[in-house]
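Asker: Once you've had a glance at the structure underneath, I'll fire off some questions.
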Amino acid sequence: MIVRSVLWYITTSALCFVPNKTRFVLIDTRHEGNVGAAARAIKTMGFEDLVLVTPKDPKVLNRQKTIHGASGALDILENSKVCSTLEEALEGIDHWCATAMPNDMNRERPKWIFSAPRNHFENILSNRKKFPLDETTLENESSAQEKEASSSKESDASNNEVRIAFLFGNERYGMQDEDIRKCHAVLGIPTNPKFGSLNVASAVQLVAYDWREAIGGYKV
């Protein structure tokens, strides 16, 4: 049993081969339970950095519904922070990944170029010496100034380190178009084309799982 435990530890440690800083950002979140569930989701995948941008309730991290939703991931809530701007929330991050519904049932969107999370992560890891990648080709692309603003934060990034953030929008409307334009990639979770609606915490869980598997997953 001791030998097996040691082998398991060595194997799982070796799998986490990519030095990385991973942040999950919730924007304009309305419901306390979703914040708690998101904290639980990222902890199950071994991540710990959760940031909220302009939540409906500025004290959401201390609410009982949030704590209950976290189901024991209280350390994630305790270390989370609330920011007033997206730029503040993404400080120290090189690669910004927006999330959006490829089939948005609520409104017409610009024609974003979507990447499935697994495909995008494979591209990141195989090209991280050229990091950060800019895969977001938009039909109505944002101004050069917006690109330069994010690029200025990238100049000191290590080629061997992945500093990435995943952004999730409001439960009802998702991310605003102007925030999506600031990002390097737009991730779209492959879903039923006739019903692509995901709870925000569920989306966090799926992206967190795919990223964990990409950088070195846990053994069953």
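Convention: chains lettered A, B, ... in structure tokens order; per-chain residue numbering from 1; ligands numbered from 1 as shown.
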When you look at A:Ser84 with a cut-off of 12 Å (counting only C-alpha atoms), what residues show up, excluding the ones that are within fewer than 5 positions of it in the same chain? I need them as a count of residues only.
Answerer: 12
Asker: Would you mind telling me which residue in A:Ser71, A:Asn199, A:Ser115, A:Thr99 lies nearest to A:Arg40 when using only C-alpha atoms?
Answerer: A:Ser71
Asker: With only C-alpha atoms as the counted atoms, please give the residues lying no more than 8 Å from A:Lys21, apart from itself and same-chain residues fewer than 6 positions off, as a list of chain:residue names.
Answerer: A:Ile93, A:Glu161, A:Val162, A:Arg163, A:Ile164
Asker: Looking only at the backbone, which of the residues in stretch 17-49 of chain A does DSSP tag as strand (DSSP E or B), as a ChimeraX atom specification?
Answerer: /A:20-27,49
Asker: May I ask which of the residues A:Gly216, A:Gly169, A:Gly174, A:Pro102 is the closest one to A:Thr191, counting only C-alpha atoms?
Answerer: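 Selected residue with least distance to A:Thr191: A:Pro102.
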Asker: Could you state the separation of atom CA of A:Asn34 and atom CA of A:Glu171 in Å, given to one decimal place?
Answerer: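 Separation of atom CA of A:Asn34 and atom CA of A:Glu171: 8.8 Å.
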Asker: Out of A:Ile113, A:Ala165, A:Met101, A:Ala208, which residue has the shortest atom-to-atom distance to A:Lys194 when counting only C-alpha atoms?
Answerer: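 Of the candidates, the smallest distance to A:Lys194 is held by A:Met101.
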Asker: Using only C-alpha atoms, which residue out of A:Ala37, A:Glu78, A:Met45, A:Phe166 lies closest to A:Tyr209?
Answerer: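 Counting only C-alpha atoms, the residue closest to A:Tyr209 is A:Met45.
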Asker: Figure out the distance between atom CA of A:Ala38 and atom CA of A:Ile67, please, to one decimal in Å.
Answerer: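 Atom-to-atom, atom CA of A:Ile67 to atom CA of A:Ala38, that is 11.1 Å.
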Asker: Work out how far apart atom CA of A:Trp112 and atom CA of A:Val82 are and give it in Å to one decimal.
Answerer: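 According to the coordinates, atom CA of A:Trp112 and atom CA of A:Val82 are separated by 28.2 Å.
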Asker: If we count only C-alpha atoms and set the cut-off at 8 Å, which residues sit around A:Ala98, ignoring sequence neighbours fewer than 6 positions away in its own chain? Please answer as JSON, numbers by chain.
Answerer: {"A": [166, 167, 168, 175, 180, 183, 184, 185, 186, 187]}
Asker: Hey, which of A:Cys97, A:Ala70, A:Gly33, A:Gly92 ends up closest to A:Ala116? Count only C-alpha atoms.
Answerer: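 Checking each of A:Cys97, A:Ala70, A:Gly33, A:Gly92 against A:Ala116, counting only C-alpha atoms, the winner is A:Cys97.
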